[in-house]
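Step one of this worksheet: look at the structure below.
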Amino acid sequence: MQCGRRRCIGLAVIMMGLAAGSACSQAPSDSAPTPMDFSSRQTRAPGEYLVTLAAGADVKAIAELYGRFGIKGTQDLGRNLFLVRLTEDPGPAKLEELRGQSAQIKAVQPNFGYRGNVRGTK
């Protein structure tokens with residue numbers, strides 16, 4: 001009887017292993033990951049831009065290049081990154097065009113606000 005019980009347990013382990021292996025080898029019907037769409041949950045803050053200065057550049061470079069749009073404020077975020085608030089917003093394309101004319105400005109991008117998909121809150 002002892003030998004029969006071991007044989008049943010061994011057979012059960014083998015069957016479970018085969019079943020698990022079979023389940024793992026089956027690919028789901030839609031195996032390609034779908035990119036998440038954040039476009040509906042992000043909003044550009046009008047007149048706000050993140051400006052990165054080149055190494056060794058002075059913060060005055062921001063006023064020299066973008067001052068014509070009326071700078072309301074410049075906040076140092078660290079590591080040569082500044083939040084710049086403009087009175088007149090010419091749009092990201094115009095600021096990028098101007099950035100190309102200055103070696104002191106490494107990058108400029110709109111400041112985006114992100115909203116999570118929160119339910120049940122107002």
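Residue numbering restarts at 1 in every chain; chains get A, B, ... in the order shown in the structure tokens, and ligands count up from 1 in that same order.
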
Selection: 10 Å around stretch 63-66 of chain A, only C-alpha atoms, excl. self and same-chain fewer than 4 positions, as a list of chain:residue names:
A:Val59, A:Gly70, A:Ile71, A:Thr74, A:Val84, A:Leu86, A:Pro90, A:Leu95, A:Leu98, A:Arg99, A:Gln101, A:Ser102, A:Gln104, A:Ile105

For atom CA of A:Ala93 and atom CA of A:Gly73, the interatomic separation in Å (one decimal):
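Atom-to-atom, atom CA of A:Ala93 to atom CA of A:Gly73, that is 20.6 Å.
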
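Pairwise distance (atom CA of A:Arg68, atom CA of A:Pro110) equals 17.5 Å.
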
Report, in Å to a single decimal, how far apart atom CA of A:Thr43 and atom CA of A:Lys60 are.
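Separation of atom CA of A:Lys60 and atom CA of A:Thr43: 28.3 Å.
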
Given the choices A:Thr87, A:Gln42, A:Ala103, A:Leu77, which gets closest to A:Ala61 if the distance is worked out from only C-alpha atoms?
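Closest candidate: A:Ala103.
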
What's the 10 Å shell around A:Leu81, counting only C-alpha atoms, without same-chain residues fewer than 5 positions away, as a VMD selection string?
chain A and resid 50 to 54 59 75 to 76 106 to 108

Could you give me, as a list in words, the residues within 10 Å of A:Gly91, counting only C-alpha atoms and dropping anything in the same chain fewer than 2 positions from it?
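These residues fall inside the cut-off: Pro46, Gly47, Glu48, Tyr49, Glu88, Asp89, Ala93, Lys94, Leu95, Glu96, Gln109 and Pro110 of chain A.
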